[in-house]
$ cat query.cif   # mmCIF, C-alpha atoms
data_work
loop_
_atom_site.group_PDB
_atom_site.id
_atom_site.type_symbol
_atom_site.label_atom_id
_atom_site.label_comp_id
_atom_site.auth_asym_id
_atom_site.auth_seq_id
_atom_site.Cartn_x
_atom_site.Cartn_y
_atom_site.Cartn_z
ATOM 1 C CA MET A 1 -19.277 20.817 -12.954
ATOM 2 C CA PRO A 2 -21.099 19.182 -15.874
ATOM 3 C CA GLU A 3 -22.188 15.601 -15.360
ATOM 4 C CA SER A 4 -20.112 14.428 -18.328
ATOM 5 C CA VAL A 5 -16.942 15.784 -16.658
ATOM 6 C CA GLN A 6 -17.877 14.042 -13.410
ATOM 7 C CA GLU A 7 -18.386 10.800 -15.337
ATOM 8 C CA THR A 8 -14.976 11.179 -16.986
ATOM 9 C CA VAL A 9 -13.368 11.812 -13.585
ATOM 10 C CA ARG A 10 -15.096 8.671 -12.229
ATOM 11 C CA THR A 11 -13.859 6.671 -15.243
ATOM 12 C CA HIS A 12 -10.273 7.786 -14.586
ATOM 13 C CA LEU A 13 -10.623 6.963 -10.886
ATOM 14 C CA ASP A 14 -12.005 3.502 -11.669
ATOM 15 C CA HIS A 15 -9.365 2.758 -14.296
ATOM 16 C CA GLY A 16 -6.635 4.058 -12.005
ATOM 17 C CA ARG A 17 -7.838 1.730 -9.250
ATOM 18 C CA ALA A 18 -7.831 -1.232 -11.640
ATOM 19 C CA CYS A 19 -4.258 -0.400 -12.678
ATOM 20 C CA LEU A 20 -3.250 0.022 -9.038
ATOM 21 C CA ASP A 21 -4.689 -3.414 -8.200
ATOM 22 C CA LYS A 22 -2.702 -4.949 -11.074
ATOM 23 C CA GLY A 23 0.560 -3.327 -9.986
ATOM 24 C CA LYS A 24 0.612 -0.962 -12.990
ATOM 25 C CA TYR A 25 1.560 2.035 -10.917
ATOM 26 C CA ASP A 26 2.656 4.388 -13.701
ATOM 27 C CA ASP A 27 -0.626 3.775 -15.544
ATOM 28 C CA ALA A 28 -2.554 4.382 -12.325
ATOM 29 C CA ILE A 29 -0.690 7.643 -11.748
ATOM 30 C CA ALA A 30 -1.498 8.762 -15.302
ATOM 31 C CA ASP A 31 -5.212 8.136 -14.717
ATOM 32 C CA TYR A 32 -5.187 9.965 -11.393
ATOM 33 C CA ASP A 33 -3.316 12.860 -13.033
ATOM 34 C CA LYS A 34 -6.128 13.090 -15.613
ATOM 35 C CA ALA A 35 -8.812 12.993 -12.914
ATOM 36 C CA ILE A 36 -7.033 15.735 -10.956
ATOM 37 C CA ALA A 37 -6.626 17.875 -14.089
ATOM 38 C CA LEU A 38 -10.394 17.691 -14.614
ATOM 39 C CA ASP A 39 -11.299 18.219 -10.942
ATOM 40 C CA PRO A 40 -8.503 19.124 -8.515
ATOM 41 C CA ASN A 41 -10.883 18.804 -5.542
ATOM 42 C CA VAL A 42 -11.281 15.022 -5.523
ATOM 43 C CA ALA A 43 -9.473 13.803 -2.401
ATOM 44 C CA LEU A 44 -9.702 10.165 -3.511
ATOM 45 C CA ALA A 45 -7.634 10.894 -6.623
ATOM 46 C CA TYR A 46 -4.794 12.243 -4.490
ATOM 47 C CA THR A 47 -5.056 9.418 -1.969
ATOM 48 C CA ASN A 48 -4.953 6.702 -4.604
ATOM 49 C CA ARG A 49 -2.180 8.412 -6.547
ATOM 50 C CA GLY A 50 -0.292 8.553 -3.255
ATOM 51 C CA VAL A 51 -0.728 4.789 -2.891
ATOM 52 C CA ALA A 52 0.736 4.292 -6.376
ATOM 53 C CA TYR A 53 3.698 6.537 -5.562
ATOM 54 C CA ARG A 54 4.269 4.734 -2.255
ATOM 55 C CA LYS A 55 4.223 1.349 -3.963
ATOM 56 C CA LYS A 56 6.808 2.677 -6.422
ATOM 57 C CA GLY A 57 8.984 3.701 -3.484
ATOM 58 C CA GLU A 58 8.382 7.429 -3.980
ATOM 59 C CA VAL A 59 7.378 7.978 -0.368
ATOM 60 C CA ASP A 60 7.796 11.758 -0.265
ATOM 61 C CA ARG A 61 5.535 12.187 -3.295
ATOM 62 C CA ALA A 62 3.020 9.873 -1.654
ATOM 63 C CA ILE A 63 3.060 11.949 1.534
ATOM 64 C CA ALA A 64 2.513 15.111 -0.511
ATOM 65 C CA ASP A 65 -0.541 13.553 -2.178
ATOM 66 C CA TYR A 66 -2.006 12.299 1.093
ATOM 67 C CA THR A 67 -1.469 15.740 2.606
ATOM 68 C CA GLU A 68 -3.295 17.326 -0.343
ATOM 69 C CA ALA A 69 -6.166 14.851 0.059
ATOM 70 C CA ILE A 70 -6.411 15.800 3.736
ATOM 71 C CA ALA A 71 -6.400 19.511 2.845
ATOM 72 C CA ILE A 72 -9.345 18.880 0.505
ATOM 73 C CA ASP A 73 -11.189 16.606 2.939
ATOM 74 C CA PRO A 74 -9.956 16.765 6.550
ATOM 75 C CA ASN A 75 -12.301 13.867 7.418
ATOM 76 C CA HIS A 76 -10.741 11.459 4.903
ATOM 77 C CA ALA A 77 -9.629 8.703 7.301
ATOM 78 C CA ASN A 78 -8.065 6.635 4.512
ATOM 79 C CA ALA A 79 -5.687 9.473 3.637
ATOM 80 C CA TYR A 80 -4.493 9.655 7.246
ATOM 81 C CA ASP A 81 -4.046 5.872 7.378
ATOM 82 C CA ASN A 82 -2.037 5.848 4.157
ATOM 83 C CA ARG A 83 0.059 8.837 5.162
ATOM 84 C CA GLY A 84 0.791 7.069 8.445
ATOM 85 C CA THR A 85 2.042 4.073 6.479
ATOM 86 C CA ALA A 86 4.259 6.328 4.383
ATOM 87 C CA TYR A 87 5.680 8.018 7.478
ATOM 88 C CA GLY A 88 6.316 4.574 8.925
ATOM 89 C CA ARG A 89 8.302 3.634 5.832
ATOM 90 C CA LYS A 90 10.469 6.678 6.462
ATOM 91 C CA GLY A 91 10.991 5.644 10.090
ATOM 92 C CA GLU A 92 8.965 8.594 11.364
ATOM 93 C CA VAL A 93 7.012 6.505 13.860
ATOM 94 C CA ASP A 94 5.668 9.418 15.924
ATOM 95 C CA ARG A 95 4.142 11.006 12.821
ATOM 96 C CA ALA A 96 2.814 7.645 11.650
ATOM 97 C CA ILE A 97 1.106 7.005 14.974
ATOM 98 C CA ALA A 98 -0.363 10.519 15.007
ATOM 99 C CA ASP A 99 -1.926 9.878 11.599
ATOM 100 C CA TYR A 100 -3.280 6.481 12.675
ATOM 101 C CA ASP A 101 -4.718 8.180 15.769
ATOM 102 C CA LYS A 102 -6.527 10.682 13.533
ATOM 103 C CA ALA A 103 -7.807 7.947 11.189
ATOM 104 C CA ILE A 104 -9.194 6.011 14.164
ATOM 105 C CA LYS A 105 -10.749 9.147 15.647
ATOM 106 C CA LEU A 106 -12.516 9.746 12.332
ATOM 107 C CA ASN A 107 -13.522 6.093 11.963
ATOM 108 C CA PRO A 108 -13.473 4.130 15.233
ATOM 109 C CA ASN A 109 -14.120 0.883 13.328
ATOM 110 C CA TYR A 110 -11.188 1.265 10.916
ATOM 111 C CA ALA A 111 -9.457 -2.114 11.277
ATOM 112 C CA SER A 112 -6.599 -1.223 8.934
ATOM 113 C CA ALA A 113 -5.641 1.825 11.007
ATOM 114 C CA TYR A 114 -5.718 -0.182 14.251
ATOM 115 C CA ASN A 115 -3.547 -2.851 12.666
ATOM 116 C CA ALA A 116 -1.128 -0.307 11.224
ATOM 117 C CA ARG A 117 -0.801 1.484 14.560
ATOM 118 C CA ALA A 118 -0.203 -1.868 16.309
ATOM 119 C CA TRP A 119 2.499 -2.689 13.753
ATOM 120 C CA ALA A 120 4.111 0.723 14.233
ATOM 121 C CA TYR A 121 4.298 0.182 17.990
ATOM 122 C CA PHE A 122 5.704 -3.305 17.414
ATOM 123 C CA LYS A 123 8.383 -2.043 15.025
ATOM 124 C CA TRP A 124 9.146 0.788 17.473
ATOM 125 C CA GLY A 125 9.934 -1.825 20.124
ATOM 126 C CA LYS A 126 6.782 -1.191 22.142
ATOM 127 C CA PRO A 127 4.669 -4.304 21.509
ATOM 128 C CA ASP A 128 2.775 -3.844 24.778
ATOM 129 C CA LEU A 129 1.349 -0.577 23.417
ATOM 130 C CA GLY A 130 0.402 -2.271 20.145
ATOM 131 C CA LEU A 131 -1.406 -5.257 21.622
ATOM 132 C CA PRO A 132 -4.762 -3.522 22.305
ATOM 133 C CA ASP A 133 -4.787 -2.204 18.736
ATOM 134 C CA ALA A 134 -3.902 -5.621 17.318
ATOM 135 C CA GLU A 135 -6.701 -7.196 19.317
ATOM 136 C CA ARG A 136 -9.155 -4.558 18.069
ATOM 137 C CA ALA A 137 -8.028 -5.096 14.463
ATOM 138 C CA VAL A 138 -8.687 -8.844 14.743
ATOM 139 C CA GLU A 139 -12.062 -8.144 16.349
ATOM 140 C CA LEU A 140 -13.051 -5.769 13.530
ATOM 141 C CA ALA A 141 -11.594 -7.869 10.699
ATOM 142 C CA PRO A 142 -11.638 -11.552 11.711
ATOM 143 C CA ASP A 143 -10.689 -12.658 8.191
ATOM 144 C CA ASN A 144 -7.732 -10.293 7.799
ATOM 145 C CA SER A 145 -4.440 -12.167 7.589
ATOM 146 C CA TYR A 146 -2.404 -9.058 8.391
ATOM 147 C CA ALA A 147 -4.305 -8.464 11.624
ATOM 148 C CA PHE A 148 -3.564 -12.012 12.791
ATOM 149 C CA GLY A 149 0.043 -11.715 11.650
ATOM 150 C CA THR A 150 0.547 -8.483 13.557
ATOM 151 C CA ARG A 151 -1.053 -9.799 16.711
ATOM 152 C CA GLY A 152 0.928 -13.041 16.412
ATOM 153 C CA GLN A 153 4.218 -11.170 16.178
ATOM 154 C CA ILE A 154 3.266 -8.969 19.116
ATOM 155 C CA TYR A 155 2.377 -12.056 21.158
ATOM 156 C CA ALA A 156 5.774 -13.538 20.268
ATOM 157 C CA ALA A 157 7.555 -10.346 21.337
ATOM 158 C CA LEU A 158 5.667 -10.451 24.639
ATOM 159 C CA GLY A 159 6.666 -14.089 25.251
ATOM 160 C CA ARG A 160 3.172 -15.447 24.667
ATOM 161 C CA ARG A 161 4.402 -18.298 22.459
ATOM 162 C CA GLU A 162 1.283 -20.453 22.109
ATOM 163 C CA GLU A 163 -0.940 -17.486 21.268
ATOM 164 C CA ALA A 164 1.688 -16.299 18.796
ATOM 165 C CA ILE A 165 1.791 -19.667 17.058
ATOM 166 C CA THR A 166 -2.004 -19.839 16.849
ATOM 167 C CA ASP A 167 -2.285 -16.356 15.330
ATOM 168 C CA LEU A 168 0.615 -16.775 12.914
ATOM 169 C CA GLN A 169 -0.794 -20.087 11.691
ATOM 170 C CA LYS A 170 -4.210 -18.438 11.278
ATOM 171 C CA ALA A 171 -2.609 -15.615 9.276
ATOM 172 C CA LEU A 172 -0.931 -18.128 6.970
ATOM 173 C CA SER A 173 -4.113 -20.156 6.596
ATOM 174 C CA ILE A 174 -5.795 -17.010 5.249
ATOM 175 C CA ASN A 175 -2.823 -15.858 3.164
ATOM 176 C CA PRO A 176 0.007 -18.372 2.705
ATOM 177 C CA ASP A 177 2.219 -15.675 1.131
ATOM 178 C CA LEU A 178 2.786 -13.648 4.313
ATOM 179 C CA LYS A 179 6.566 -13.766 4.513
ATOM 180 C CA GLU A 180 6.862 -12.032 7.895
ATOM 181 C CA SER A 181 4.360 -14.393 9.526
ATOM 182 C CA ARG A 182 6.157 -17.392 8.044
ATOM 183 C CA GLU A 183 9.508 -16.124 9.316
ATOM 184 C CA ALA A 184 8.059 -15.374 12.752
ATOM 185 C CA LEU A 185 6.729 -18.940 13.003
ATOM 186 C CA GLN A 186 10.113 -20.318 12.002
ATOM 187 C CA GLY A 187 11.690 -18.078 14.655
ATOM 188 C CA LEU A 188 9.447 -19.831 17.184
ATOM 189 C CA GLY A 189 10.736 -23.187 15.969
ATOM 190 C CA VAL A 190 7.561 -24.100 14.120
ATOM 191 C CA THR A 191 7.507 -25.223 10.505
ATOM 192 C CA PRO A 192 4.782 -23.287 8.660
#

$ encode --input "query.cif" --output "structure tokens"
Amino acid sequence: MPESVQETVRTHLDHGRACLDKGKYDDAIADYDKAIALDPNVALAYTNRGVAYRKKGEVDRAIADYTEAIAIDPNHANAYDNRGTAYGRKGEVDRAIADYDKAIKLNPNYASAYNARAWAYFKWGKPDLGLPDAERAVELAPDNSYAFGTRGQIYAALGRREEAITDLQKALSINPDLKESREALQGLGVTP
């Protein structure tokens, strides 16, 4: 592939990411469509387009894109992590956990996948299974509000009130907009 085409693909990927970060999902999808039209073998284009579709609520289209990214690059841990999140949104917890397992196998230091798997276990009513993952996520990403929020909610579900309060407060100190952490604190009788 000529270098100029590769540069154009990179430009579309970069612009798509900027649109994605700004919540302009349709614009992001248009850029990823252009990148894919130029080079249909760029797994990142499918993964990021999948993120845009998922954020728009088009979960099945997102799953299709993540699956295509994985077909192109079976070692693309981010695609597995994102597909797991999409399966989780559909309530397909077993499939979500299987994808998080694969992401972690590919990248044993992938904090997001540990956190997502912990959250899936928590939402599945199995917080005891999620706790080791939540602890690993906090260890790998000590400044990640979501990791603290997940672990805090798991602690609360396990009756470990003081640890829950500490983690939920830490999550909110990093990101005051975490609604679920705020609600969990209130559920423990603590004003955030």

$ resolve_selection --input "query.cif" --expression "the PyMOL selection byres ((chain A and resi 40) around 12)" --output "JSON, numbers by chain"
{"A": [1, 6, 9, 32, 33, 34, 35, 36, 37, 38, 39, 41, 42, 43, 44, 45, 46, 65, 68, 69, 71, 72]}

$ closest_residue --input "query.cif" --among "A:Ala171, A:Val138, A:Ala147, A:Val59" --to "Gly91 (chain A)" --atoms "all atoms listed in the file"
A:Val59

$ resolve_selection --input "query.cif" --expression "the PyMOL selection byres ((chain A and resi 88) around 10)" --output "mmCIF file with C-alpha atoms, in the coordinates of the input"
data_model
loop_
_atom_site.group_PDB
_atom_site.id
_atom_site.type_symbol
_atom_site.label_atom_id
_atom_site.label_comp_id
_atom_site.auth_asym_id
_atom_site.auth_seq_id
_atom_site.Cartn_x
_atom_site.Cartn_y
_atom_site.Cartn_z
ATOM 1 C CA VAL A 59 7.378 7.978 -0.368
ATOM 2 C CA ASN A 82 -2.037 5.848 4.157
ATOM 3 C CA ARG A 83 0.059 8.837 5.162
ATOM 4 C CA GLY A 84 0.791 7.069 8.445
ATOM 5 C CA THR A 85 2.042 4.073 6.479
ATOM 6 C CA ALA A 86 4.259 6.328 4.383
ATOM 7 C CA TYR A 87 5.680 8.018 7.478
ATOM 8 C CA ARG A 89 8.302 3.634 5.832
ATOM 9 C CA LYS A 90 10.469 6.678 6.462
ATOM 10 C CA GLY A 91 10.991 5.644 10.090
ATOM 11 C CA GLU A 92 8.965 8.594 11.364
ATOM 12 C CA VAL A 93 7.012 6.505 13.860
ATOM 13 C CA ASP A 94 5.668 9.418 15.924
ATOM 14 C CA ARG A 95 4.142 11.006 12.821
ATOM 15 C CA ALA A 96 2.814 7.645 11.650
ATOM 16 C CA ILE A 97 1.106 7.005 14.974
ATOM 17 C CA ALA A 116 -1.128 -0.307 11.224
ATOM 18 C CA ARG A 117 -0.801 1.484 14.560
ATOM 19 C CA TRP A 119 2.499 -2.689 13.753
ATOM 20 C CA ALA A 120 4.111 0.723 14.233
ATOM 21 C CA LYS A 123 8.383 -2.043 15.025
ATOM 22 C CA TRP A 124 9.146 0.788 17.473
#

$ atom_distance --input "query.cif" --atom1 "CA of Ala118 (chain A)" --atom2 "CA of Arg54 (chain A)"
20.2 Å

$ atom_distance --input "query.cif" --atom1 "CA of Leu129 (chain A)" --atom2 "CA of Glu58 (chain A)"
29.4 Å

$ resolve_selection --input "query.cif" --expression "the PyMOL selection byres ((chain A and resi 151) around 7)" --output "list of chain:residue names"
A:Leu131, A:Ala134, A:Glu135, A:Ala147, A:Phe148, A:Gly149, A:Thr150, A:Gly152, A:Gln153, A:Ile154, A:Tyr155, A:Asp167

$ atom_distance --input "query.cif" --atom1 "CA of Pro74 (chain A)" --atom2 "CA of Asn109 (chain A)"
17.8 Å

$ residues_near_point --input "query.cif" --point "(-0.7, -15.4, 4.4)" --cutoff "12 Å" --atoms "all atoms listed in the file" --output "list in words"
Asp143, Asn144, Ser145, Tyr146, Ala147, Phe148, Gly149, Thr150, Asp167, Leu168, Gln169, Lys170, Ala171, Leu172, Ser173, Ile174, Asn175, Pro176, Asp177, Leu178, Lys179, Glu180, Ser181, Arg182, Glu183, Leu185 and Pro192 of chain A

$ closest_residue --input "query.cif" --among "A:Ala157, A:His76, A:Lys55, A:Arg10" --to "Phe122 (chain A)" --atoms "all atoms listed in the file"
A:Ala157

$ build_atoms --input "query.cif" --residues "region 131-150 of chain A" --atoms "N, CA and C atoms" --output "compact mmCIF listing (two decimals), keeping the file's coordinate frame"
# COMPACT_ATOMS: atom_id res chain seq x y z
N LEU A 131 -0.51 -4.12 21.43
CA LEU A 131 -1.41 -5.26 21.62
C LEU A 131 -2.89 -4.88 21.62
N PRO A 132 -3.33 -3.85 22.35
CA PRO A 132 -4.76 -3.52 22.30
C PRO A 132 -5.25 -3.20 20.89
N ASP A 133 -4.41 -2.52 20.12
CA ASP A 133 -4.79 -2.20 18.74
C ASP A 133 -4.85 -3.47 17.89
N ALA A 134 -3.90 -4.37 18.08
CA ALA A 134 -3.90 -5.62 17.32
C ALA A 134 -5.14 -6.45 17.65
N GLU A 135 -5.50 -6.46 18.91
CA GLU A 135 -6.70 -7.20 19.32
C GLU A 135 -7.95 -6.57 18.70
N ARG A 136 -8.00 -5.25 18.67
CA ARG A 136 -9.15 -4.56 18.07
C ARG A 136 -9.20 -4.81 16.56
N ALA A 137 -8.06 -4.83 15.90
CA ALA A 137 -8.03 -5.10 14.46
C ALA A 137 -8.57 -6.48 14.16
N VAL A 138 -8.18 -7.49 14.94
CA VAL A 138 -8.69 -8.84 14.74
C VAL A 138 -10.19 -8.90 15.00
N GLU A 139 -10.63 -8.19 16.03
CA GLU A 139 -12.06 -8.14 16.35
C GLU A 139 -12.87 -7.54 15.19
N LEU A 140 -12.35 -6.45 14.61
CA LEU A 140 -13.05 -5.77 13.53
C LEU A 140 -12.94 -6.48 12.19
N ALA A 141 -11.85 -7.21 11.99
CA ALA A 141 -11.59 -7.87 10.70
C ALA A 141 -11.13 -9.31 10.93
N PRO A 142 -12.03 -10.18 11.34
CA PRO A 142 -11.64 -11.55 11.71
C PRO A 142 -11.15 -12.43 10.56
N ASP A 143 -11.21 -11.92 9.34
CA ASP A 143 -10.69 -12.66 8.19
C ASP A 143 -9.46 -11.99 7.59
N ASN A 144 -8.87 -11.05 8.32
CA ASN A 144 -7.73 -10.29 7.80
C ASN A 144 -6.42 -10.95 8.24
N SER A 145 -5.69 -11.47 7.28
CA SER A 145 -4.44 -12.17 7.59
C SER A 145 -3.42 -11.25 8.25
N TYR A 146 -3.38 -9.99 7.83
CA TYR A 146 -2.40 -9.06 8.39
C TYR A 146 -2.68 -8.79 9.87
N ALA A 147 -3.96 -8.69 10.22
CA ALA A 147 -4.30 -8.46 11.62
C ALA A 147 -3.82 -9.63 12.49
N PHE A 148 -4.04 -10.85 12.04
CA PHE A 148 -3.56 -12.01 12.79
C PHE A 148 -2.04 -12.06 12.82
N GLY A 149 -1.41 -11.72 11.69
CA GLY A 149 0.04 -11.72 11.65
C GLY A 149 0.65 -10.71 12.61
N THR A 150 0.06 -9.52 12.64
CA THR A 150 0.55 -8.48 13.56
C THR A 150 0.37 -8.92 15.00
